[in-house]
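Undergrad: Sharing target33.cif (mmCIF, C-alpha atoms) below.
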data_model
loop_
_atom_site.label_atom_id
_atom_site.label_comp_id
_atom_site.auth_asym_id
_atom_site.auth_seq_id
_atom_site.Cartn_x
_atom_site.Cartn_y
_atom_site.Cartn_z
CA LEU A 11 95.69 63.23 -84.99
CA VAL A 12 97.34 60.48 -82.97
CA SER A 13 96.26 58.72 -79.81
CA GLN A 14 96.75 55.35 -78.20
CA THR A 15 93.12 55.54 -77.01
CA ILE A 16 90.74 56.20 -79.88
CA ASP A 17 88.30 59.08 -79.49
CA PHE A 18 85.46 58.91 -82.01
CA ASN A 19 83.91 62.19 -80.84
CA ASN A 20 83.91 65.40 -82.87
CA LEU A 21 85.57 63.92 -85.94
CA LYS A 22 86.35 66.26 -88.83
CA TYR A 23 85.83 64.88 -92.30
CA GLN A 24 86.92 65.82 -95.78
CA VAL A 25 84.03 66.08 -98.23
CA GLY A 26 83.17 65.38 -101.86
CA PHE A 27 82.51 62.07 -103.60
CA GLY A 28 85.37 61.15 -105.92
CA ASN A 29 87.55 64.07 -104.88
CA HIS A 30 91.32 63.78 -104.78
CA CYS A 31 91.99 64.27 -101.08
CA ALA A 32 95.18 65.11 -99.20
CA THR A 33 95.47 64.86 -95.42
CA GLU A 34 98.23 64.56 -92.84
CA ALA A 35 98.20 63.95 -89.09
CA LEU A 36 101.68 65.50 -88.69
CA PRO A 37 102.66 68.73 -90.45
CA GLY A 38 104.82 68.08 -93.47
CA ALA A 39 104.20 64.32 -93.53
CA LEU A 40 102.99 64.47 -97.16
CA PRO A 41 105.86 64.71 -99.66
CA ILE A 42 105.68 67.80 -101.84
CA GLY A 43 105.83 67.47 -105.62
CA GLN A 44 106.30 63.71 -105.78
CA ASN A 45 104.89 60.45 -104.43
CA GLY A 46 108.01 58.42 -103.63
CA PRO A 47 110.96 60.47 -102.42
CA GLN A 48 114.23 58.74 -101.60
CA LYS A 49 113.44 59.35 -97.95
CA CYS A 50 109.94 60.17 -96.82
CA PRO A 51 109.29 62.76 -94.11
CA TYR A 52 109.49 61.41 -90.53
CA GLY A 53 111.08 58.20 -91.82
CA LEU A 54 107.76 56.92 -93.18
CA TYR A 55 107.27 54.31 -95.90
CA ALA A 56 105.47 55.24 -99.13
CA GLU A 57 102.86 52.68 -100.26
CA GLN A 58 100.47 52.92 -103.17
CA LEU A 59 97.03 51.33 -102.90
CA SER A 60 95.54 50.71 -106.37
CA GLY A 61 91.78 50.21 -106.70
CA THR A 62 91.92 49.93 -110.50
CA ALA A 63 94.45 48.83 -113.07
CA PHE A 64 97.25 51.31 -113.74
CA THR A 65 96.02 51.84 -117.29
CA CYS A 66 92.34 52.52 -116.52
CA PRO A 67 91.10 55.74 -118.13
CA ARG A 68 91.82 58.73 -115.90
CA ALA A 69 88.12 59.31 -115.17
CA LYS A 70 87.89 55.78 -113.72
CA ASN A 71 91.39 55.46 -112.26
CA LEU A 72 91.42 55.00 -108.48
CA ARG A 73 94.48 54.98 -106.25
CA SER A 74 95.87 56.52 -103.08
CA TRP A 75 99.35 56.99 -101.69
CA LEU A 76 99.77 56.10 -98.02
CA TYR A 77 102.67 57.24 -95.83
CA ARG A 78 102.92 54.82 -92.97
CA ILE A 79 105.18 53.78 -90.13
CA ARG A 80 105.60 50.24 -91.49
CA PRO A 81 104.63 48.87 -94.92
CA SER A 82 101.71 46.46 -95.18
CA VAL A 83 103.99 43.68 -96.43
CA ALA A 84 105.42 43.22 -92.92
CA HIS A 85 103.16 40.40 -91.73
CA ASN A 86 103.31 36.65 -91.17
CA SER A 87 101.96 34.06 -93.63
CA PHE A 88 98.19 33.83 -94.10
CA LYS A 89 96.46 30.65 -92.97
CA ILE A 90 92.94 29.73 -93.95
CA ILE A 91 90.40 29.97 -91.13
CA LYS A 92 87.83 27.62 -92.64
CA ASP A 93 88.49 25.83 -95.90
CA GLU A 94 85.08 26.22 -97.49
CA ASN A 95 83.68 28.63 -100.02
CA ILE A 96 80.82 30.64 -98.49
CA PHE A 97 78.87 30.22 -101.76
CA ASP A 98 78.93 26.41 -101.53
CA ASP A 99 75.41 26.11 -100.07
CA LEU A 100 73.67 28.63 -102.35
CA ILE A 101 70.41 27.40 -103.88
CA ASP A 102 68.25 28.63 -106.76
CA ASP A 103 64.74 29.60 -105.65
CA PRO A 104 62.40 31.82 -107.72
CA ASN A 105 59.80 32.22 -104.95
CA GLN A 106 58.97 35.50 -103.26
CA LEU A 107 60.94 35.47 -100.01
CA ARG A 108 60.66 37.52 -96.83
CA TRP A 109 62.31 37.38 -93.44
CA ARG A 110 61.40 38.85 -90.07
CA PRO A 111 64.30 40.62 -88.31
CA TRP A 112 67.30 38.43 -87.58
CA GLU A 113 68.03 38.17 -83.87
CA ILE A 114 71.22 39.76 -82.61
CA PRO A 115 73.34 37.11 -80.87
CA THR A 116 73.46 37.28 -77.07
CA THR A 117 76.62 35.17 -76.82
CA ASN A 118 79.61 37.47 -76.34
CA GLY A 119 82.40 37.66 -78.89
CA ILE A 120 80.37 38.17 -82.07
CA THR A 121 82.24 40.72 -84.18
CA PHE A 122 81.78 41.90 -87.75
CA VAL A 123 84.14 39.13 -88.90
CA ASN A 124 82.05 36.25 -87.54
CA GLY A 125 78.70 38.05 -87.28
CA CYS A 126 77.89 38.43 -90.98
CA LYS A 127 75.37 35.91 -92.33
CA LEU A 128 75.28 35.31 -96.07
CA VAL A 129 71.72 35.69 -97.42
CA SER A 130 72.19 35.72 -101.17
CA GLY A 131 74.82 35.84 -103.86
CA ALA A 132 75.82 35.33 -107.47
CA GLY A 133 78.96 35.02 -109.53
CA ASN A 134 82.50 34.41 -108.37
CA PRO A 135 84.91 36.89 -106.81
CA SER A 136 87.84 35.04 -108.40
CA ASP A 137 86.41 36.10 -111.77
CA LYS A 138 85.60 39.56 -110.39
CA GLN A 139 81.96 39.04 -111.36
CA GLY A 140 78.90 39.09 -109.12
CA LEU A 141 77.94 40.14 -105.60
CA ALA A 142 76.94 38.95 -102.15
CA ILE A 143 74.35 40.19 -99.65
CA TYR A 144 74.68 39.69 -95.90
CA VAL A 145 72.95 40.65 -92.69
CA TYR A 146 75.08 41.26 -89.63
CA GLY A 147 74.28 40.93 -85.95
CA ILE A 148 77.18 41.80 -83.65
CA ASN A 149 77.80 42.65 -80.02
CA THR A 150 81.58 42.90 -79.68
CA SER A 151 84.21 45.26 -81.05
CA MET A 152 87.00 43.91 -83.24
CA ASN A 153 89.60 45.54 -80.96
CA LYS A 154 93.03 44.27 -82.09
CA THR A 155 91.64 42.58 -85.18
CA ALA A 156 91.60 44.27 -88.55
CA MET A 157 90.09 43.06 -91.80
CA TYR A 158 90.32 43.79 -95.49
CA ASN A 159 88.31 42.43 -98.39
CA ALA A 160 90.30 41.33 -101.43
CA ASP A 161 87.07 40.19 -103.11
CA GLY A 162 85.36 43.55 -103.55
CA ASP A 163 83.80 46.65 -102.06
CA PHE A 164 81.56 46.63 -98.97
CA LEU A 165 78.53 48.89 -98.66
CA ILE A 166 77.33 48.70 -95.04
CA VAL A 167 73.83 49.82 -93.98
CA PRO A 168 73.44 49.99 -90.17
CA GLN A 169 69.90 49.33 -88.93
CA GLN A 170 70.51 49.24 -85.17
CA GLY A 171 73.55 50.47 -83.29
CA THR A 172 76.25 52.97 -84.23
CA LEU A 173 79.45 51.68 -85.84
CA ASN A 174 82.75 53.30 -84.83
CA ILE A 175 85.05 52.38 -87.69
CA GLN A 176 88.81 52.68 -87.73
CA THR A 177 90.37 52.51 -91.18
CA GLU A 178 93.82 53.02 -92.62
CA MET A 179 92.71 56.45 -93.83
CA GLY A 180 91.17 57.55 -90.53
CA LEU A 181 88.09 57.27 -88.33
CA LEU A 182 84.39 57.31 -89.20
CA VAL A 183 81.24 57.13 -87.10
CA VAL A 184 78.31 55.57 -88.96
CA GLU A 185 74.86 55.46 -87.36
CA PRO A 186 71.52 54.13 -88.59
CA ARG A 187 70.25 56.20 -91.56
CA GLU A 188 73.86 56.56 -92.68
CA ILE A 189 75.89 54.21 -94.90
CA ILE A 190 79.57 53.56 -95.45
CA VAL A 191 81.48 52.25 -98.45
CA ILE A 192 84.77 50.46 -97.72
CA PRO A 193 86.51 49.72 -101.03
CA ARG A 194 88.41 46.55 -101.87
CA GLY A 195 91.67 46.13 -99.95
CA ILE A 196 91.29 48.87 -97.33
CA LYS A 197 91.92 47.67 -93.78
CA PHE A 198 89.28 48.41 -91.18
CA SER A 199 88.11 47.53 -87.69
CA ILE A 200 84.50 47.95 -86.52
CA ASN A 201 83.78 48.83 -82.91
CA VAL A 202 80.34 48.84 -81.29
CA ASN A 203 78.87 50.07 -78.02
CA GLY A 204 76.15 47.43 -77.83
CA PRO A 205 74.02 45.05 -79.89
CA SER A 206 74.13 46.12 -83.54
CA ARG A 207 72.42 44.92 -86.69
CA GLY A 208 72.41 45.85 -90.35
CA TYR A 209 72.92 44.84 -93.96
CA VAL A 210 75.98 44.49 -96.20
CA LEU A 211 76.25 44.57 -99.99
CA GLU A 212 79.49 43.29 -101.49
CA VAL A 213 80.29 43.84 -105.17
CA PHE A 214 82.99 41.79 -106.88
CA LYS A 215 83.29 43.94 -110.00
CA GLY A 216 83.91 47.66 -110.28
CA HIS A 217 83.31 50.29 -107.64
CA PHE A 218 80.39 52.34 -106.40
CA GLU A 219 79.74 55.72 -107.99
CA ILE A 220 77.01 58.32 -107.84
CA PRO A 221 74.56 57.92 -110.74
CA SER A 222 74.41 60.25 -113.72
CA LEU A 223 71.52 62.69 -113.41
CA GLY A 224 70.54 62.99 -117.08
CA PRO A 225 67.68 65.45 -117.59
CA ILE A 226 67.42 66.04 -113.83
CA GLY A 227 70.33 68.41 -114.36
CA SER A 228 73.36 69.30 -112.26
CA ASN A 229 71.92 68.82 -108.78
CA GLY A 230 69.77 66.35 -106.89
CA LEU A 231 69.63 62.85 -105.43
CA ALA A 232 72.87 62.20 -103.47
CA ASN A 233 74.90 65.36 -103.91
CA PRO A 234 78.69 64.81 -104.05
CA ARG A 235 79.51 67.34 -101.33
CA ASP A 236 77.51 65.36 -98.76
CA PHE A 237 79.83 62.34 -98.84
CA GLU A 238 82.33 62.43 -95.98
CA ILE A 239 85.88 61.07 -96.08
CA PRO A 240 88.14 60.47 -93.06
CA SER A 241 91.07 62.67 -92.15
CA ALA A 242 94.43 61.08 -91.44
CA TYR A 243 94.69 59.44 -88.02
CA TYR A 244 97.44 57.09 -86.92
CA GLN A 245 98.58 55.00 -83.98
CA ASP A 246 102.09 53.78 -83.20
CA ILE A 247 101.59 50.55 -81.25
CA ASP A 248 104.04 47.64 -81.22
CA GLU A 249 101.71 44.85 -80.16
CA THR A 250 100.33 41.77 -81.92
CA TYR A 251 97.30 42.34 -84.13
CA THR A 252 95.23 39.84 -86.08
CA LEU A 253 94.61 40.60 -89.76
CA VAL A 254 91.72 38.87 -91.56
CA ASN A 255 91.61 38.72 -95.36
CA LYS A 256 88.48 37.74 -97.27
CA TYR A 257 89.98 36.22 -100.40
CA ALA A 258 88.20 34.10 -103.05
CA ASN A 259 85.13 33.76 -100.79
CA LYS A 260 87.19 32.24 -97.98
CA TYR A 261 88.51 33.82 -94.81
CA TRP A 262 92.25 33.87 -94.14
CA MET A 263 94.13 35.11 -91.08
CA THR A 264 97.61 36.26 -90.13
CA THR A 265 99.28 38.23 -87.37
CA ILE A 266 101.35 41.36 -87.46
CA ASP A 267 103.61 42.78 -84.78
CA ASN A 268 102.12 46.26 -84.83
CA THR A 269 98.90 48.11 -85.48
CA PRO A 270 97.86 48.18 -89.15
CA PHE A 271 96.42 51.66 -88.57
CA ASP A 272 99.71 53.56 -88.76
CA VAL A 273 99.11 55.78 -91.80
CA VAL A 274 100.34 59.25 -90.85
CA ALA A 275 99.36 60.91 -94.14
CA TRP A 276 97.71 60.02 -97.41
CA HIS A 277 96.48 61.49 -100.66
CA GLY A 278 94.41 60.13 -103.51
CA ASN A 279 90.90 59.24 -104.66
CA TYR A 280 90.60 55.69 -103.27
CA TYR A 281 89.22 55.72 -99.74
CA PRO A 282 86.25 54.83 -97.54
CA CYS A 283 83.41 57.32 -97.33
CA LYS A 284 80.10 57.69 -95.55
CA TYR A 285 76.80 59.33 -96.44
CA ASP A 286 73.81 60.50 -94.43
CA LEU A 287 70.65 59.25 -96.17
CA ARG A 288 68.67 62.12 -94.63
CA LYS A 289 70.50 64.45 -97.04
CA PHE A 290 69.12 62.72 -100.11
CA ASN A 291 67.43 65.24 -102.42
CA THR A 292 64.33 63.27 -103.43
CA MET A 293 62.73 63.56 -106.85
CA ASN A 294 59.14 62.39 -107.43
CA SER A 295 56.20 62.72 -109.79
CA VAL A 296 54.23 65.95 -109.39
CA SER A 297 51.63 65.10 -111.99
CA PHE A 298 50.57 61.45 -112.38
CA ASP A 299 51.77 57.84 -112.09
CA HIS A 300 54.27 56.26 -109.74
CA PRO A 301 57.82 56.78 -111.08
CA ASP A 302 60.37 54.00 -111.48
CA PRO A 303 62.41 53.49 -108.28
CA SER A 304 65.65 54.25 -110.12
CA ILE A 305 65.01 57.94 -109.32
CA TYR A 306 65.85 57.08 -105.70
CA THR A 307 69.32 55.65 -106.52
CA VAL A 308 72.00 56.75 -104.05
CA LEU A 309 74.94 54.76 -105.46
CA THR A 310 75.44 52.43 -108.39
CA CYS A 311 78.07 49.91 -109.45
CA GLN A 312 77.84 49.48 -113.20
CA THR A 313 78.54 46.53 -115.47
CA ASP A 314 80.21 46.97 -118.85
CA GLU A 315 76.74 47.44 -120.36
CA PRO A 316 75.63 51.08 -119.97
CA GLY A 317 72.74 51.51 -117.56
CA VAL A 318 72.86 47.93 -116.28
CA ALA A 319 74.11 47.60 -112.72
CA VAL A 320 76.03 44.97 -110.83
CA ALA A 321 74.10 46.62 -108.02
CA ASP A 322 72.16 49.80 -107.37
CA PHE A 323 71.62 51.05 -103.83
CA VAL A 324 68.18 52.63 -103.77
CA ILE A 325 66.28 54.18 -100.85
CA PHE A 326 62.61 55.03 -100.32
CA PRO A 327 62.95 58.19 -98.24
CA PRO A 328 60.42 60.56 -96.68
CA ARG A 329 58.67 62.37 -99.55
CA TRP A 330 55.54 64.11 -100.72
CA MET A 331 53.14 62.03 -102.77
CA VAL A 332 50.90 64.25 -104.86
CA MET A 333 50.18 62.24 -108.01
CA GLU A 334 46.64 62.80 -109.26
CA HIS A 335 44.17 60.15 -110.52
CA SER A 336 46.98 57.59 -109.97
CA PHE A 337 47.70 54.43 -108.02
CA ARG A 338 50.29 55.88 -105.66
CA PRO A 339 52.00 52.81 -104.14
CA PRO A 340 54.60 50.93 -106.19
CA TYR A 341 53.04 49.20 -109.18
CA TYR A 342 52.77 45.45 -109.71
CA HIS A 343 56.00 44.38 -111.30
CA ARG A 344 58.03 41.68 -113.00
CA ASN A 345 61.63 42.74 -113.34
CA THR A 346 64.67 41.47 -115.23
CA MET A 347 66.64 42.73 -112.23
CA SER A 348 66.62 41.05 -108.80
CA GLU A 349 65.36 43.15 -105.88
CA PHE A 350 66.55 42.64 -102.29
CA MET A 351 64.87 45.02 -99.84
CA GLY A 352 65.53 45.90 -96.21
CA MET A 353 63.97 48.22 -93.64
CA ILE A 354 66.10 50.62 -91.62
CA HIS A 355 63.27 51.99 -89.52
CA GLY A 356 59.49 52.35 -89.47
CA LYS A 357 57.25 50.63 -91.97
CA TYR A 358 57.03 50.23 -95.72
CA ASP A 359 54.24 52.06 -97.51
CA ALA A 360 53.41 49.25 -99.98
CA LYS A 361 53.03 46.21 -97.78
CA GLU A 362 52.00 45.31 -94.25
CA GLY A 363 54.28 43.21 -92.05
CA PHE A 364 57.57 44.42 -93.53
CA VAL A 365 59.39 45.70 -90.44
CA ALA A 366 62.75 47.21 -89.49
CA GLY A 367 65.54 44.65 -89.49
CA GLY A 368 63.71 42.33 -91.89
CA ALA A 369 64.25 41.76 -95.59
CA SER A 370 62.65 40.47 -98.77
CA LEU A 371 63.90 39.13 -102.08
CA HIS A 372 62.03 39.21 -105.37
CA SER A 373 64.23 37.52 -107.94
CA CYS A 374 64.51 37.94 -111.70
CA MET A 375 61.01 37.90 -113.25
CA THR A 376 59.38 36.94 -109.94
CA SER A 377 56.14 38.93 -109.70
CA HIS A 378 55.61 41.25 -106.75
CA GLY A 379 53.73 44.35 -105.68
CA PRO A 380 51.39 45.76 -103.02
CA ASP A 381 49.42 43.36 -100.85
CA GLY A 382 45.63 43.19 -100.85
CA ALA A 383 45.03 45.67 -98.05
CA THR A 384 47.33 48.25 -99.62
CA PHE A 385 45.71 47.81 -103.04
CA LEU A 386 42.19 48.32 -101.70
CA LYS A 387 43.13 51.36 -99.63
CA ALA A 388 45.08 53.05 -102.43
CA SER A 389 42.32 52.37 -104.96
CA GLU A 390 39.68 54.17 -102.90
CA GLU A 391 41.40 56.83 -100.80
CA GLU A 392 40.91 60.54 -101.42
CA GLN A 393 43.88 61.82 -103.38
CA VAL A 394 45.14 64.76 -101.40
CA PRO A 395 48.84 65.61 -100.97
CA VAL A 396 50.38 63.22 -98.44
CA TYR A 397 53.78 63.45 -96.81
CA PHE A 398 55.15 59.98 -96.10
CA ASP A 399 57.69 59.89 -93.28
CA GLY A 400 56.75 56.63 -91.60
CA GLY A 401 59.84 54.67 -92.50
CA LEU A 402 63.04 54.26 -94.49
CA ALA A 403 63.34 51.23 -96.74
CA PHE A 404 66.13 50.46 -99.19
CA MET A 405 66.80 48.14 -102.09
CA PHE A 406 69.85 46.37 -103.49
CA GLU A 407 68.91 45.87 -107.15
CA SER A 408 71.09 43.69 -109.35
CA CYS A 409 71.21 42.32 -112.88
CA TYR A 410 72.25 38.94 -111.47
CA MET A 411 69.93 36.03 -110.77
CA LEU A 412 70.58 35.69 -107.06
CA LYS A 413 70.94 32.36 -105.30
CA ILE A 414 69.86 31.94 -101.66
CA ALA A 415 71.87 30.56 -98.76
CA LYS A 416 70.36 27.25 -97.65
CA LYS A 417 70.53 28.38 -94.01
CA GLN A 418 68.38 31.40 -94.80
CA LEU A 419 65.78 29.33 -96.64
CA GLU A 420 65.53 27.21 -93.51
CA ALA A 421 65.87 30.07 -91.02
CA PRO A 422 63.18 30.33 -88.32
CA ASN A 423 62.61 34.01 -89.14
CA ARG A 424 61.75 33.27 -92.78
CA GLU A 425 58.05 33.98 -93.41
CA LYS A 426 57.05 30.82 -95.22
CA ASP A 427 53.50 32.12 -95.67
CA TYR A 428 54.66 35.40 -97.25
CA ILE A 429 53.03 34.55 -100.58
CA ASN A 430 49.62 34.55 -98.88
CA CYS A 431 49.64 38.35 -98.65
CA TRP A 432 48.63 38.45 -102.33
CA LYS A 433 45.80 35.94 -101.95
CA GLN A 434 43.69 38.76 -100.51
CA LEU A 435 43.71 40.56 -103.87
CA PRO A 436 40.08 40.73 -105.02
CA LYS A 437 38.81 40.29 -108.54
CA THR A 438 37.53 43.74 -109.50
CA PHE A 439 36.97 43.14 -113.21
CA ASN A 440 33.61 44.57 -114.24
CA PRO A 441 33.02 44.51 -118.02
#
Show this structure as structure tokens.

TA:
Amino acid sequence: LVSQTIDFNNLKYQVGFGNHCATEALPGALPIGQNGPQKCPYGLYAEQLSGTAFTCPRAKNLRSWLYRIRPSVAHNSFKIIKDENIFDDLIDDPNQLRWRPWEIPTTNGITFVNGCKLVSGAGNPSDKQGLAIYVYGINTSMNKTAMYNADGDFLIVPQQGTLNIQTEMGLLVVEPREIIVIPRGIKFSINVNGPSRGYVLEVFKGHFEIPSLGPIGSNGLANPRDFEIPSAYYQDIDETYTLVNKYANKYWMTTIDNTPFDVVAWHGNYYPCKYDLRKFNTMNSVSFDHPDPSIYTVLTCQTDEPGVAVADFVIFPPRWMVMEHSFRPPYYHRNTMSEFMGMIHGKYDAKEGFVAGGASLHSCMTSHGPDGATFLKASEEEQVPVYFDGGLAFMFESCYMLKIAKKQLEAPNREKDYINCWKQLPKTFNP
């Protein structure tokens, strides 16, 4: 497809997480039998985009070939926008932290580029180790500005407002209760129709993958066929565009004399993809005890240590709760992993006051669990089958000890009395 005016309606996607895809907006634009012919069809340029080292094992090797009107190298020199590392003001804090929803700015001109607020982070993208967590509040489309992230992959979780996203590989529409992954280096532009808010997870090492199912078997959780991948879509516009590059935790900018979204055809296994969280095939206990939340993992980005994640993306979806003679809410917990939680809609079943658009952080070995009211209710209620559909919460869980942005520790929406919710817990010991 090609159009000077973008139409995000009735998009057709390719499907299948990790598939090798092939798509062309003009018939015959993809070379047959080779990647780099002497002359590409339609006078296009062949460009490879590598998401892993050339010599990565085949099962982990990620790359795509793009056939575009002009190669990406045709741009002016990058200049730094603001010469400061966004991790400079991060602070260690082991306390339980919670925030009410962040307000969406009312001042016009807030795009995804300048509307992301750093909440927490660890590591260093220059070492390709660690992650960052942001919340975004935006009200303006990027229009003739594109961005790519040299530091890592973005996982974006909209909470309010639909995102119309143009990428090199094509178009995607991502609404609340859906997510999108935009891998390292892929150019994109986010357009909105009104005030929009959500969460962003950025991983500096590796890439997101669907978790192994182990004894669950061949099917369940996030099924591969439900991930959607854009079809080729290009524009041929000779006008000035701004290109933003997040590199080494700083933002750089250049201009190009044409649209960066001029890929007429592409093939490969390195691309953005989206997923509808309502399609998650939930597993749960049908006998006793609350299971570990890892059974709700949608995507994971693994470290070099098997089973230990740079970050897991976990959801708490609508589900039946039928456990007998059991405390059904999440158990009281101290975890070697750090747990950042957000609410997409509704309410959380383990704690009062945790609302859509807010967030909490329970760091490495920081104790947490249900508040007093939830504990008392769950300890006494009649245990009949209950279908919970009152909300959709999620968790970014990481092996890193996360630091907190100073601005977020001082933010007016931080609930400084959050710890008091556990002071209601009664002493029930009765020897």

Undergrad: Please list as a ChimeraX atom specification every residue within 7 Å of Thr172 in chain A, counting all atoms listed in the file and excluding residues in the same chain fewer than 6 positions away.

TA: /A:184-186,202

Undergrad: Go ahead and save the picked residues with C-alpha atoms, as a PDB file, keeping the file's coordinate frame.

TA:
ATOM      1  CA  VAL A 184      78.310  55.570 -88.960  1.00  0.00           C
ATOM      2  CA  GLU A 185      74.860  55.460 -87.360  1.00  0.00           C
ATOM      3  CA  PRO A 186      71.520  54.130 -88.590  1.00  0.00           C
ATOM      4  CA  VAL A 202      80.340  48.840 -81.290  1.00  0.00           C
TER       5      VAL A 202
END

Undergrad: Show which residues sit within 9 Å of Asp272 in chain A, as a list in words. Count all atoms listed in the file, and ignore same-chain residues fewer than 3 positions away.

TA: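 Counting all atoms listed in the file, the residues come to Tyr77, Arg78, Ile79, Arg80, Glu178, Tyr243, Tyr244, Gln245, Asp246, Ile247, Asn268 and Thr269 of chain A.
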
Undergrad: Using only C-alpha atoms for the distances, tell me which of A:Asn153, A:Asn159, A:Thr384, A:Ser408 is nearest to Gly133 in chain A.

TA: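 Closest to Gly133 in chain A of all the choices is A:Ser408.
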
Undergrad: Taking into account only C-alpha atoms, which residue in the set A:Thr15, A:Ser336, A:Gln312, A:Ser87 is nearest to Val296 in chain A?

TA: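 Counting only C-alpha atoms, the residue closest to Val296 in chain A is A:Ser336.
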
Undergrad: Just so the selection is clear, what residues does the PyMOL selection byres ((chain A and resi 20-23) around 8) cover here, as a list of chain:residue names?

TA: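 Checked against the file, the PyMOL selection byres ((chain A and resi 20-23) around 8) matches A:Phe18, A:Asn19, A:Gln24, A:Val25, A:Leu181, A:Leu182, A:Glu238, A:Ile239, A:Pro240, A:Ser241.
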
Undergrad: Excluding same-chain residues fewer than 4 positions from Gly171 in chain A, what lies within 12 Å of it counting all atoms listed in the file, as JSON, numbers by chain?

TA: {"A": [114, 146, 147, 148, 149, 150, 167, 183, 184, 185, 186, 187, 188, 200, 201, 202, 203, 204, 205, 206, 207, 208, 354, 367]}

Undergrad: May I have the residues from that selection written out with C-alpha atoms, as a PDB file, keeping the file's coordinate frame?

TA:
ATOM      1  CA  ILE A 114      71.220  39.760 -82.610  1.00  0.00           C
ATOM      2  CA  TYR A 146      75.080  41.260 -89.630  1.00  0.00           C
ATOM      3  CA  GLY A 147      74.280  40.930 -85.950  1.00  0.00           C
ATOM      4  CA  ILE A 148      77.180  41.800 -83.650  1.00  0.00           C
ATOM      5  CA  ASN A 149      77.800  42.650 -80.020  1.00  0.00           C
ATOM      6  CA  THR A 150      81.580  42.900 -79.680  1.00  0.00           C
ATOM      7  CA  VAL A 167      73.830  49.820 -93.980  1.00  0.00           C
ATOM      8  CA  VAL A 183      81.240  57.130 -87.100  1.00  0.00           C
ATOM      9  CA  VAL A 184      78.310  55.570 -88.960  1.00  0.00           C
ATOM     10  CA  GLU A 185      74.860  55.460 -87.360  1.00  0.00           C
ATOM     11  CA  PRO A 186      71.520  54.130 -88.590  1.00  0.00           C
ATOM     12  CA  ARG A 187      70.250  56.200 -91.560  1.00  0.00           C
ATOM     13  CA  GLU A 188      73.860  56.560 -92.680  1.00  0.00           C
ATOM     14  CA  ILE A 200      84.500  47.950 -86.520  1.00  0.00           C
ATOM     15  CA  ASN A 201      83.780  48.830 -82.910  1.00  0.00           C
ATOM     16  CA  VAL A 202      80.340  48.840 -81.290  1.00  0.00           C
ATOM     17  CA  ASN A 203      78.870  50.070 -78.020  1.00  0.00           C
ATOM     18  CA  GLY A 204      76.150  47.430 -77.830  1.00  0.00           C
ATOM     19  CA  PRO A 205      74.020  45.050 -79.890  1.00  0.00           C
ATOM     20  CA  SER A 206      74.130  46.120 -83.540  1.00  0.00           C
ATOM     21  CA  ARG A 207      72.420  44.920 -86.690  1.00  0.00           C
ATOM     22  CA  GLY A 208      72.410  45.850 -90.350  1.00  0.00           C
ATOM     23  CA  ILE A 354      66.100  50.620 -91.620  1.00  0.00           C
ATOM     24  CA  GLY A 367      65.540  44.650 -89.490  1.00  0.00           C
TER      25      GLY A 367
END

Undergrad: Let me make sure I understand: among A:Pro270, A:Gly28, A:Pro51, A:Gly162, which one has the smallest atom-to-atom distance to Leu141 in chain A if we use only C-alpha atoms?

TA: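 Among the listed residues, the smallest separation from Leu141 in chain A belongs to A:Gly162.
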
Undergrad: Wanna dump the range 82-108 of chain A-range 371-377 of chain A contacts at 9 Å for me, each residue with its shortest atom pair and the distance in Å to one decimal, counting all atoms listed in the file, ordered by chain and number, as CSV?

TA:
residue,atom,partner,partner_atom,distance
A:Asp103,CA,A:Ser373,CA,8.3
A:Pro104,CA,A:Ser373,CA,6.0
A:Asn105,CA,A:Thr376,CA,6.9
A:Gln106,CA,A:His372,CA,5.3
A:Leu107,CA,A:Leu371,CA,5.1
A:Arg108,CA,A:Leu371,CA,6.4

Undergrad: If you apply the PyMOL selection byres ((chain A and resi 158) around 8) to this file, what residues do you get, as a count of residues only?

TA: 13

Undergrad: Have a look at CA of Gln48 in chain A and CA of Ala242 in chain A and let me know their distance in Å, one decimal.

TA: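 Atom-to-atom, CA of Gln48 in chain A and CA of Ala242 in chain A are spaced 22.4 Å apart.
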